[in-house]
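Student: What follows is a structure written as structure tokens; I'll ask about it next.
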Amino acid sequence: MSKAPDMANTKKLGFGLMRLPKKGFRIDVKQTSEMVDLFMEAGFTYFDTAYVYTGSEEAAKKALVDRYPRDSFTLATKLHAPSARSEEAARKQFYTSLERTGAQYFDYYLLHSIMGNNYRTYERYHLWDFVNELKSKGLIKHLGFSFHDNPELLDRVLTEHPDVDFVQLQINYADWENPSVTSRANYETARRHGKYITVMEPVKGGNLADPPRDIKKLFSEHSPDMSYPSWAIRFAASLDGILTVLSGMSDLSQMKDNLSYMKDFRPLDSEEQEIIREAQRILGRSKTIPCTTCSYCTKGCPMQIPIPEIFKAMNKRLGNGQLEESSRDYSDIKAKGSCAADCIGCGQCEGVCPQHLKIIDLLKECSEALDTN
């Protein structure tokens, strides 16, 4: 296992720069800078962006890199081979990220969103060799990859590439035993290989910030002053071998809430662990759609269907019985020009979904429930 001090001593909250605050259609750099300041003042240093996060790397430069000494923070970004049309284009992503961020080097660099349908692309483009060359030159300090597939593939990747320092996995209490996400099995596989883990989607794209009402009741009865997201983030941060837990914070209030319980992090105690297990049992009876709103599905949709927005509207109906709110939100979506019934079943979305959702069938269910209201 890597023994580098900055990995071993990194604080357990990372700032995910995927869902930054917006002003109109642009990232609100002023508010992002204020969030960065609060984060740094509290002693946290880990920032996570990616080549494919629109505007995020540029915002990281303005809000972080241009405003703080380079050795006062650690920055992670990612190379996404499936979006490159050639090996040359894939390699160029690194240098584009370096230019966008002005970071000089990356403390953590990841091959992005490895799955069974793209793993060979990283091999074909010789990207493992490429990133190791960059590491030998000091342009990358720690090498890793983010992963969205089963433990068998993860074991294979780690066996074939034992030199990686860390793995980024989707871990949250809702997906711990989810057969589609296999959080627990992937976590155990990474630990068996002796790897540190950065956690993504600890709040499941915001779903666990607004969980079903029975879980809200469960949490509130035990600790009325604790926010719902705090249960999710502390669950992930309490696991062994965690480098940091990424939270994609979208405004100052989310930042302040996260800092309130992570600045002096306390792992879940035995009673709290049992409450989490009860929440997991409740979720086993939940019919909500486990979409994390990553929006990978929308980028290539020929009908430009706002799939995550539709699923979010549907989940208000399924998770909390908010029928009027669900219908109102869906009406707003339709008014913008697209609806669930527009799906032509091409399958593009299902091929890139990190959650492996049967999106075509789910859109049909949404249409049947919402287009008739």
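The chains in the structure tokens are called A, B, ... from first to last as shown; in each chain the residues are counted from 1, and the ligands are counted from 1 in the order shown.
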DSSP on the backbone: which residues in range 199-262 of chain A end up as helix (DSSP H, G or I)? Give the answer as a PDB file with N, CA and C atoms, in the first residue's frame.

Tutor:
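Saved result, result_18.pdb, follows:
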ATOM      1  N   LYS A 204     -25.327   9.876  -3.261  1.00  0.00           N
ATOM      2  CA  LYS A 204     -26.041   9.312  -4.411  1.00  0.00           C
ATOM      3  C   LYS A 204     -26.701  10.392  -5.257  1.00  0.00           C
ATOM      4  N   GLY A 205     -25.868  11.349  -5.701  1.00  0.00           N
ATOM      5  CA  GLY A 205     -26.379  12.411  -6.551  1.00  0.00           C
ATOM      6  C   GLY A 205     -27.396  13.309  -5.882  1.00  0.00           C
ATOM      7  N   GLY A 206     -27.373  13.372  -4.553  1.00  0.00           N
ATOM      8  CA  GLY A 206     -28.329  14.194  -3.806  1.00  0.00           C
ATOM      9  C   GLY A 206     -29.527  13.427  -3.310  1.00  0.00           C
ATOM     10  N   ASN A 207     -29.717  12.187  -3.749  1.00  0.00           N
ATOM     11  CA  ASN A 207     -30.882  11.406  -3.329  1.00  0.00           C
ATOM     12  C   ASN A 207     -30.911  11.174  -1.824  1.00  0.00           C
ATOM     13  N   LEU A 208     -29.746  10.989  -1.215  1.00  0.00           N
ATOM     14  CA  LEU A 208     -29.702  10.718   0.216  1.00  0.00           C
ATOM     15  C   LEU A 208     -29.709  11.997   1.048  1.00  0.00           C
ATOM     16  N   ALA A 209     -29.689  13.140   0.375  1.00  0.00           N
ATOM     17  CA  ALA A 209     -29.928  14.412   1.066  1.00  0.00           C
ATOM     18  C   ALA A 209     -31.419  14.620   1.272  1.00  0.00           C
ATOM     19  N   ARG A 213     -39.395   9.290   3.275  1.00  0.00           N
ATOM     20  CA  ARG A 213     -39.862   9.867   4.541  1.00  0.00           C
ATOM     21  C   ARG A 213     -39.583   8.963   5.743  1.00  0.00           C
ATOM     22  N   ASP A 214     -39.651   7.639   5.553  1.00  0.00           N
ATOM     23  CA  ASP A 214     -39.397   6.735   6.676  1.00  0.00           C
ATOM     24  C   ASP A 214     -37.955   6.851   7.167  1.00  0.00           C
ATOM     25  N   ILE A 215     -37.025   7.091   6.242  1.00  0.00           N
ATOM     26  CA  ILE A 215     -35.630   7.260   6.640  1.00  0.00           C
ATOM     27  C   ILE A 215     -35.435   8.615   7.308  1.00  0.00           C
ATOM     28  N   LYS A 216     -36.090   9.638   6.800  1.00  0.00           N
ATOM     29  CA  LYS A 216     -36.029  10.946   7.463  1.00  0.00           C
ATOM     30  C   LYS A 216     -36.489  10.834   8.912  1.00  0.00           C
ATOM     31  N   LYS A 217     -37.589  10.115   9.114  1.00  0.00           N
ATOM     32  CA  LYS A 217     -38.136   9.928  10.462  1.00  0.00           C
ATOM     33  C   LYS A 217     -37.137   9.179  11.338  1.00  0.00           C
ATOM     34  N   LEU A 218     -36.535   8.146  10.789  1.00  0.00           N
ATOM     35  CA  LEU A 218     -35.563   7.344  11.522  1.00  0.00           C
ATOM     36  C   LEU A 218     -34.382   8.196  11.976  1.00  0.00           C
ATOM     37  N   PHE A 219     -33.813   8.973  11.064  1.00  0.00           N
ATOM     38  CA  PHE A 219     -32.658   9.804  11.393  1.00  0.00           C
ATOM     39  C   PHE A 219     -33.032  10.921  12.371  1.00  0.00           C
ATOM     40  N   SER A 220     -34.147  11.553  12.122  1.00  0.00           N
ATOM     41  CA  SER A 220     -34.544  12.710  12.946  1.00  0.00           C
ATOM     42  C   SER A 220     -34.861  12.310  14.380  1.00  0.00           C
ATOM     43  N   GLU A 221     -35.438  11.135  14.553  1.00  0.00           N
ATOM     44  CA  GLU A 221     -35.761  10.685  15.903  1.00  0.00           C
ATOM     45  C   GLU A 221     -34.501  10.423  16.712  1.00  0.00           C
ATOM     46  N   HIS A 222     -33.444   9.982  16.049  1.00  0.00           N
ATOM     47  CA  HIS A 222     -32.189   9.719  16.767  1.00  0.00           C
ATOM     48  C   HIS A 222     -31.389  10.996  16.986  1.00  0.00           C
ATOM     49  N   TYR A 228     -29.521  15.131   6.910  1.00  0.00           N
ATOM     50  CA  TYR A 228     -29.604  13.835   6.234  1.00  0.00           C
ATOM     51  C   TYR A 228     -28.314  13.501   5.466  1.00  0.00           C
ATOM     52  N   PRO A 229     -27.703  14.474   4.778  1.00  0.00           N
ATOM     53  CA  PRO A 229     -26.448  14.142   4.095  1.00  0.00           C
ATOM     54  C   PRO A 229     -25.344  13.705   5.050  1.00  0.00           C
ATOM     55  N   SER A 230     -25.372  14.204   6.288  1.00  0.00           N
ATOM     56  CA  SER A 230     -24.294  13.871   7.221  1.00  0.00           C
ATOM     57  C   SER A 230     -24.248  12.377   7.504  1.00  0.00           C
ATOM     58  N   TRP A 231     -25.403  11.730   7.544  1.00  0.00           N
ATOM     59  CA  TRP A 231     -25.428  10.287   7.766  1.00  0.00           C
ATOM     60  C   TRP A 231     -24.722   9.565   6.616  1.00  0.00           C
ATOM     61  N   ALA A 232     -24.982  10.014   5.400  1.00  0.00           N
ATOM     62  CA  ALA A 232     -24.410   9.355   4.226  1.00  0.00           C
ATOM     63  C   ALA A 232     -22.897   9.557   4.143  1.00  0.00           C
ATOM     64  N   ILE A 233     -22.447  10.778   4.358  1.00  0.00           N
ATOM     65  CA  ILE A 233     -21.020  11.064   4.237  1.00  0.00           C
ATOM     66  C   ILE A 233     -20.239  10.418   5.372  1.00  0.00           C
ATOM     67  N   ARG A 234     -20.766  10.442   6.574  1.00  0.00           N
ATOM     68  CA  ARG A 234     -20.074   9.812   7.698  1.00  0.00           C
ATOM     69  C   ARG A 234     -20.043   8.292   7.546  1.00  0.00           C
ATOM     70  N   PHE A 235     -21.079   7.705   6.934  1.00  0.00           N
ATOM     71  CA  PHE A 235     -21.064   6.263   6.682  1.00  0.00           C
ATOM     72  C   PHE A 235     -19.848   5.904   5.828  1.00  0.00           C
ATOM     73  N   ALA A 236     -19.649   6.623   4.734  1.00  0.00           N
ATOM     74  CA  ALA A 236     -18.531   6.335   3.838  1.00  0.00           C
ATOM     75  C   ALA A 236     -17.191   6.635   4.502  1.00  0.00           C
ATOM     76  N   ALA A 237     -17.112   7.752   5.213  1.00  0.00           N
ATOM     77  CA  ALA A 237     -15.848   8.163   5.832  1.00  0.00           C
ATOM     78  C   ALA A 237     -15.447   7.257   6.993  1.00  0.00           C
ATOM     79  N   LEU A 252     -23.140  27.441  -0.827  1.00  0.00           N
ATOM     80  CA  LEU A 252     -22.488  27.690   0.450  1.00  0.00           C
ATOM     81  C   LEU A 252     -23.131  26.936   1.595  1.00  0.00           C
ATOM     82  N   SER A 253     -24.446  26.776   1.554  1.00  0.00           N
ATOM     83  CA  SER A 253     -25.124  26.095   2.658  1.00  0.00           C
ATOM     84  C   SER A 253     -24.699  24.635   2.735  1.00  0.00           C
ATOM     85  N   GLN A 254     -24.519  23.981   1.588  1.00  0.00           N
ATOM     86  CA  GLN A 254     -24.053  22.601   1.593  1.00  0.00           C
ATOM     87  C   GLN A 254     -22.628  22.517   2.135  1.00  0.00           C
ATOM     88  N   MET A 255     -21.791  23.459   1.741  1.00  0.00           N
ATOM     89  CA  MET A 255     -20.424  23.486   2.247  1.00  0.00           C
ATOM     90  C   MET A 255     -20.416  23.643   3.767  1.00  0.00           C
ATOM     91  N   LYS A 256     -21.184  24.598   4.271  1.00  0.00           N
ATOM     92  CA  LYS A 256     -21.209  24.845   5.717  1.00  0.00           C
ATOM     93  C   LYS A 256     -21.727  23.633   6.479  1.00  0.00           C
ATOM     94  N   ASP A 257     -22.739  22.970   5.931  1.00  0.00           N
ATOM     95  CA  ASP A 257     -23.271  21.787   6.594  1.00  0.00           C
ATOM     96  C   ASP A 257     -22.212  20.687   6.660  1.00  0.00           C
ATOM     97  N   ASN A 258     -21.555  20.423   5.529  1.00  0.00           N
ATOM     98  CA  ASN A 258     -20.533  19.370   5.513  1.00  0.00           C
ATOM     99  C   ASN A 258     -19.388  19.675   6.472  1.00  0.00           C
ATOM    100  N   LEU A 259     -18.952  20.914   6.506  1.00  0.00           N
ATOM    101  CA  LEU A 259     -17.848  21.275   7.388  1.00  0.00           C
ATOM    102  C   LEU A 259     -18.238  21.155   8.858  1.00  0.00           C
ATOM    103  N   SER A 260     -19.518  21.364   9.157  1.00  0.00           N
ATOM    104  CA  SER A 260     -19.964  21.353  10.552  1.00  0.00           C
ATOM    105  C   SER A 260     -19.735  20.006  11.225  1.00  0.00           C
ATOM    106  N   TYR A 261     -19.803  18.916  10.476  1.00  0.00           N
ATOM    107  CA  TYR A 261     -19.610  17.601  11.096  1.00  0.00           C
ATOM    108  C   TYR A 261     -18.346  16.881  10.621  1.00  0.00           C
ATOM    109  N   MET A 262     -17.700  17.397   9.555  1.00  0.00           N
ATOM    110  CA  MET A 262     -16.487  16.735   9.066  1.00  0.00           C
ATOM    111  C   MET A 262     -15.203  17.418   9.530  1.00  0.00           C
TER     112      MET A 262
END

Student: So which residues of range 106-319 of chain A fall under strand (DSSP E) by DSSP, listed as a PyMOL selection string?

Tutor: chain A and resi 106-114+140-147+166-170+196-200+242-247

Student: Store the residues picked out above, limited to N, CA and C atoms, as an mmCIF file, in the first residue's frame.

Tutor:
data_model
loop_
_atom_site.group_PDB
_atom_site.id
_atom_site.type_symbol
_atom_site.label_atom_id
_atom_site.label_comp_id
_atom_site.auth_asym_id
_atom_site.auth_seq_id
_atom_site.Cartn_x
_atom_site.Cartn_y
_atom_site.Cartn_z
ATOM 1 N N PHE A 106 -0.530 17.433 -11.284
ATOM 2 C CA PHE A 106 -1.717 16.961 -10.583
ATOM 3 C C PHE A 106 -1.312 16.025 -9.457
ATOM 4 N N ASP A 107 -1.833 16.288 -8.280
ATOM 5 C CA ASP A 107 -1.537 15.446 -7.131
ATOM 6 C C ASP A 107 -2.154 14.058 -7.305
ATOM 7 N N TYR A 108 -3.334 14.032 -7.901
ATOM 8 C CA TYR A 108 -4.041 12.776 -8.155
ATOM 9 C C TYR A 108 -4.569 12.806 -9.589
ATOM 10 N N TYR A 109 -4.270 11.757 -10.336
ATOM 11 C CA TYR A 109 -4.735 11.700 -11.717
ATOM 12 C C TYR A 109 -5.393 10.345 -11.945
ATOM 13 N N LEU A 110 -6.577 10.380 -12.570
ATOM 14 C CA LEU A 110 -7.367 9.170 -12.715
ATOM 15 C C LEU A 110 -7.727 8.888 -14.167
ATOM 16 N N LEU A 111 -7.709 7.618 -14.529
ATOM 17 C CA LEU A 111 -8.373 7.177 -15.742
ATOM 18 C C LEU A 111 -9.843 7.046 -15.383
ATOM 19 N N HIS A 112 -10.697 7.667 -16.170
ATOM 20 C CA HIS A 112 -12.043 8.021 -15.752
ATOM 21 C C HIS A 112 -13.102 6.986 -16.139
ATOM 22 N N SER A 113 -13.897 6.581 -15.135
ATOM 23 C CA SER A 113 -15.125 5.807 -15.337
ATOM 24 C C SER A 113 -14.885 4.499 -16.090
ATOM 25 N N ILE A 114 -13.969 3.687 -15.590
ATOM 26 C CA ILE A 114 -13.684 2.407 -16.238
ATOM 27 C C ILE A 114 -14.849 1.442 -16.029
ATOM 28 N N ILE A 140 2.417 13.854 -12.395
ATOM 29 C CA ILE A 140 1.379 13.195 -11.608
ATOM 30 C C ILE A 140 2.042 12.686 -10.335
ATOM 31 N N LYS A 141 1.445 12.953 -9.185
ATOM 32 C CA LYS A 141 2.005 12.461 -7.928
ATOM 33 C C LYS A 141 1.446 11.087 -7.569
ATOM 34 N N HIS A 142 0.129 10.926 -7.734
ATOM 35 C CA HIS A 142 -0.528 9.662 -7.398
ATOM 36 C C HIS A 142 -1.447 9.263 -8.535
ATOM 37 N N LEU A 143 -1.404 7.995 -8.907
ATOM 38 C CA LEU A 143 -2.155 7.493 -10.055
ATOM 39 C C LEU A 143 -3.304 6.599 -9.592
ATOM 40 N N GLY A 144 -4.470 6.803 -10.198
ATOM 41 C CA GLY A 144 -5.619 5.970 -9.863
ATOM 42 C C GLY A 144 -6.602 5.890 -11.008
ATOM 43 N N PHE A 145 -7.764 5.326 -10.728
ATOM 44 C CA PHE A 145 -8.832 5.282 -11.723
ATOM 45 C C PHE A 145 -10.170 5.252 -10.999
ATOM 46 N N SER A 146 -11.185 5.809 -11.661
ATOM 47 C CA SER A 146 -12.547 5.698 -11.130
ATOM 48 C C SER A 146 -13.231 4.531 -11.829
ATOM 49 N N PHE A 147 -14.158 3.895 -11.118
ATOM 50 C CA PHE A 147 -14.642 2.591 -11.555
ATOM 51 C C PHE A 147 -16.139 2.467 -11.362
ATOM 52 N N PHE A 166 -4.502 4.355 -5.904
ATOM 53 C CA PHE A 166 -5.831 4.450 -5.297
ATOM 54 C C PHE A 166 -6.901 4.170 -6.347
ATOM 55 N N VAL A 167 -8.111 3.911 -5.845
ATOM 56 C CA VAL A 167 -9.268 3.654 -6.703
ATOM 57 C C VAL A 167 -10.408 4.538 -6.234
ATOM 58 N N GLN A 168 -11.157 5.087 -7.174
ATOM 59 C CA GLN A 168 -12.319 5.893 -6.831
ATOM 60 C C GLN A 168 -13.577 5.062 -7.078
ATOM 61 N N LEU A 169 -14.364 4.849 -6.012
ATOM 62 C CA LEU A 169 -15.522 3.971 -6.078
ATOM 63 C C LEU A 169 -16.780 4.685 -5.607
ATOM 64 N N GLN A 170 -17.903 4.251 -6.143
ATOM 65 C CA GLN A 170 -19.199 4.745 -5.673
ATOM 66 C C GLN A 170 -19.565 3.966 -4.419
ATOM 67 N N TYR A 196 -5.809 2.508 -1.355
ATOM 68 C CA TYR A 196 -6.640 3.559 -0.791
ATOM 69 C C TYR A 196 -7.853 3.778 -1.693
ATOM 70 N N ILE A 197 -8.910 4.328 -1.112
ATOM 71 C CA ILE A 197 -10.156 4.538 -1.856
ATOM 72 C C ILE A 197 -10.623 5.973 -1.675
ATOM 73 N N THR A 198 -10.900 6.643 -2.797
ATOM 74 C CA THR A 198 -11.660 7.884 -2.739
ATOM 75 C C THR A 198 -13.106 7.536 -3.062
ATOM 76 N N VAL A 199 -14.006 8.125 -2.321
ATOM 77 C CA VAL A 199 -15.427 7.797 -2.439
ATOM 78 C C VAL A 199 -16.134 8.849 -3.275
ATOM 79 N N MET A 200 -16.859 8.388 -4.304
ATOM 80 C CA MET A 200 -17.727 9.275 -5.082
ATOM 81 C C MET A 200 -19.184 8.893 -4.816
ATOM 82 N N ILE A 242 -10.105 4.712 3.620
ATOM 83 C CA ILE A 242 -10.675 5.794 2.812
ATOM 84 C C ILE A 242 -9.698 6.965 2.770
ATOM 85 N N LEU A 243 -9.317 7.353 1.566
ATOM 86 C CA LEU A 243 -8.468 8.529 1.382
ATOM 87 C C LEU A 243 -9.274 9.793 1.659
ATOM 88 N N THR A 244 -10.411 9.914 0.987
ATOM 89 C CA THR A 244 -11.312 11.031 1.243
ATOM 90 C C THR A 244 -12.669 10.717 0.636
ATOM 91 N N VAL A 245 -13.691 11.424 1.091
ATOM 92 C CA VAL A 245 -15.056 11.270 0.596
ATOM 93 C C VAL A 245 -15.422 12.537 -0.160
ATOM 94 N N LEU A 246 -15.690 12.400 -1.450
ATOM 95 C CA LEU A 246 -15.997 13.555 -2.286
ATOM 96 C C LEU A 246 -17.455 13.959 -2.151
ATOM 97 N N SER A 247 -17.669 15.214 -1.926
ATOM 98 C CA SER A 247 -19.029 15.745 -1.885
ATOM 99 C C SER A 247 -19.146 16.828 -2.956
#

Student: Report, in Å to a single decimal, how far apart CA of Glu123 in chain A and CA of Leu98 in chain A are.

Tutor: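 We find that CA of Leu98 in chain A and CA of Glu123 in chain A lie 22.6 Å from each other.
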
Student: Kindly indicate which residue among A:Thr54, A:Ser326, A:Gln93, A:Thr49 lies nearest to Leu75 in chain A, using only C-alpha atoms for the distances.

Tutor: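 The closest residue to Leu75 in chain A is A:Thr49.
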
Student: Tell me, as a list in words, which residues lie within 12 Å of Asn118 in chain A, counting only C-alpha atoms; anything in the same chain fewer than 2 positions away does not count.

Tutor: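 Here the answer would be His80, Ala81, Pro82, Ser83, Ala84, Leu111, His112, Ser113, Ile114, Met115, Gly116, Arg120, Thr121, Tyr122, Glu123, Arg124, Tyr125, Phe147, His148, Asp149, Leu153, Gly351, Val352 and Pro354 of chain A.
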
Student: Residues as selected, C-alpha atoms, written as a PDB file, in the first residue's frame, can you do that?

Tutor:
ATOM      1  CA  HIS A  80     -11.819  10.076 -20.239  1.00  0.00           C
ATOM      2  CA  ALA A  81     -10.770   7.771 -23.083  1.00  0.00           C
ATOM      3  CA  PRO A  82     -14.301   7.002 -24.423  1.00  0.00           C
ATOM      4  CA  SER A  83     -14.739  10.659 -25.425  1.00  0.00           C
ATOM      5  CA  ALA A  84     -11.489  10.649 -27.442  1.00  0.00           C
ATOM      6  CA  LEU A 111      -8.373   7.177 -15.742  1.00  0.00           C
ATOM      7  CA  HIS A 112     -12.043   8.021 -15.752  1.00  0.00           C
ATOM      8  CA  SER A 113     -15.125   5.807 -15.337  1.00  0.00           C
ATOM      9  CA  ILE A 114     -13.684   2.407 -16.238  1.00  0.00           C
ATOM     10  CA  MET A 115     -16.359  -0.147 -17.146  1.00  0.00           C
ATOM     11  CA  GLY A 116     -16.527  -3.376 -19.071  1.00  0.00           C
ATOM     12  CA  ARG A 120     -10.106  -2.100 -23.614  1.00  0.00           C
ATOM     13  CA  THR A 121     -10.135   1.466 -24.968  1.00  0.00           C
ATOM     14  CA  TYR A 122      -7.709   2.460 -22.224  1.00  0.00           C
ATOM     15  CA  GLU A 123      -5.580  -0.543 -23.149  1.00  0.00           C
ATOM     16  CA  ARG A 124      -5.759   0.087 -26.901  1.00  0.00           C
ATOM     17  CA  TYR A 125      -4.680   3.698 -26.462  1.00  0.00           C
ATOM     18  CA  PHE A 147     -14.642   2.591 -11.555  1.00  0.00           C
ATOM     19  CA  HIS A 148     -18.271   1.695 -12.334  1.00  0.00           C
ATOM     20  CA  ASP A 149     -18.586  -2.060 -12.729  1.00  0.00           C
ATOM     21  CA  LEU A 153     -13.486  -6.608 -13.477  1.00  0.00           C
ATOM     22  CA  GLY A 351     -24.301   2.157 -22.639  1.00  0.00           C
ATOM     23  CA  VAL A 352     -22.825   5.041 -20.638  1.00  0.00           C
ATOM     24  CA  PRO A 354     -22.554   4.277 -14.447  1.00  0.00           C
TER      25      PRO A 354
END

Student: Which residues come within 6 Å of range 26-38 of chain A, counting only C-alpha atoms, excluding same-chain residues fewer than 4 positions away, as a list in words?

Tutor: Pro21, Lys22, Ala63 and Leu252 of chain A

Student: What is the distance between CA of Asn315 in chain A and CA of Pro290 in chain A, in Å to one decimal?

Tutor: 9.0 Å

Student: Would you kindly return, as a short mmCIF file (atom, residue, chain, number, x, y, z; two decimals) with C-alpha atoms, in the first residue's frame, each protein, DNA or RNA residue with an atom no farther than 6 Å from any atom of Lys61 in chain A, considering only C-alpha atoms and excluding same-chain residues fewer than 4 positions away?

Tutor:
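Ended up saving to result37.cif:
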data_model
loop_
_atom_site.label_atom_id
_atom_site.label_comp_id
_atom_site.auth_asym_id
_atom_site.auth_seq_id
_atom_site.Cartn_x
_atom_site.Cartn_y
_atom_site.Cartn_z
CA VAL A 65 -5.18 27.63 -8.29
CA ASP A 66 -4.84 31.37 -8.98
CA THR A 101 -6.24 24.49 -14.39
#

Student: Excluding Ala340 in chain A and its own-chain neighbours fewer than 3 positions away, which residues fall within 9 Å of it when counting only C-alpha atoms? Please give them as an MDAnalysis selection string.

Tutor: chainID A and resid 305:307 310 334 343 362:368 370:371

Student: Could you save those same residues with C-alpha atoms as a PDB file, in the first residue's frame?

Tutor:
ATOM      1  CA  ILE A 305     -34.423  14.075 -23.283  1.00  0.00           C
ATOM      2  CA  PRO A 306     -33.502  15.439 -19.822  1.00  0.00           C
ATOM      3  CA  ILE A 307     -33.449  11.953 -18.320  1.00  0.00           C
ATOM      4  CA  ILE A 310     -37.552  13.166 -15.416  1.00  0.00           C
ATOM      5  CA  LYS A 334     -42.472  19.039 -20.901  1.00  0.00           C
ATOM      6  CA  CYS A 343     -37.529   8.027 -26.200  1.00  0.00           C
ATOM      7  CA  LEU A 362     -37.712   3.360 -16.820  1.00  0.00           C
ATOM      8  CA  LEU A 363     -38.654   6.137 -19.256  1.00  0.00           C
ATOM      9  CA  LYS A 364     -41.628   4.042 -20.390  1.00  0.00           C
ATOM     10  CA  GLU A 365     -42.714   3.707 -16.746  1.00  0.00           C
ATOM     11  CA  CYS A 366     -42.298   7.457 -16.235  1.00  0.00           C
ATOM     12  CA  SER A 367     -44.358   8.141 -19.354  1.00  0.00           C
ATOM     13  CA  GLU A 368     -47.126   5.795 -18.236  1.00  0.00           C
ATOM     14  CA  LEU A 370     -46.733  11.085 -15.709  1.00  0.00           C
ATOM     15  CA  ASP A 371     -47.767  11.715 -19.308  1.00  0.00           C
TER      16      ASP A 371
END

Student: With only C-alpha atoms as the atoms that count, which of A:Glu188, A:Asp240, A:Glu325, A:Glu201 lies nearest to Pro267 in chain A?

Tutor: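 Of A:Glu188, A:Asp240, A:Glu325, A:Glu201, the one nearest Pro267 in chain A is A:Asp240, counting only C-alpha atoms.
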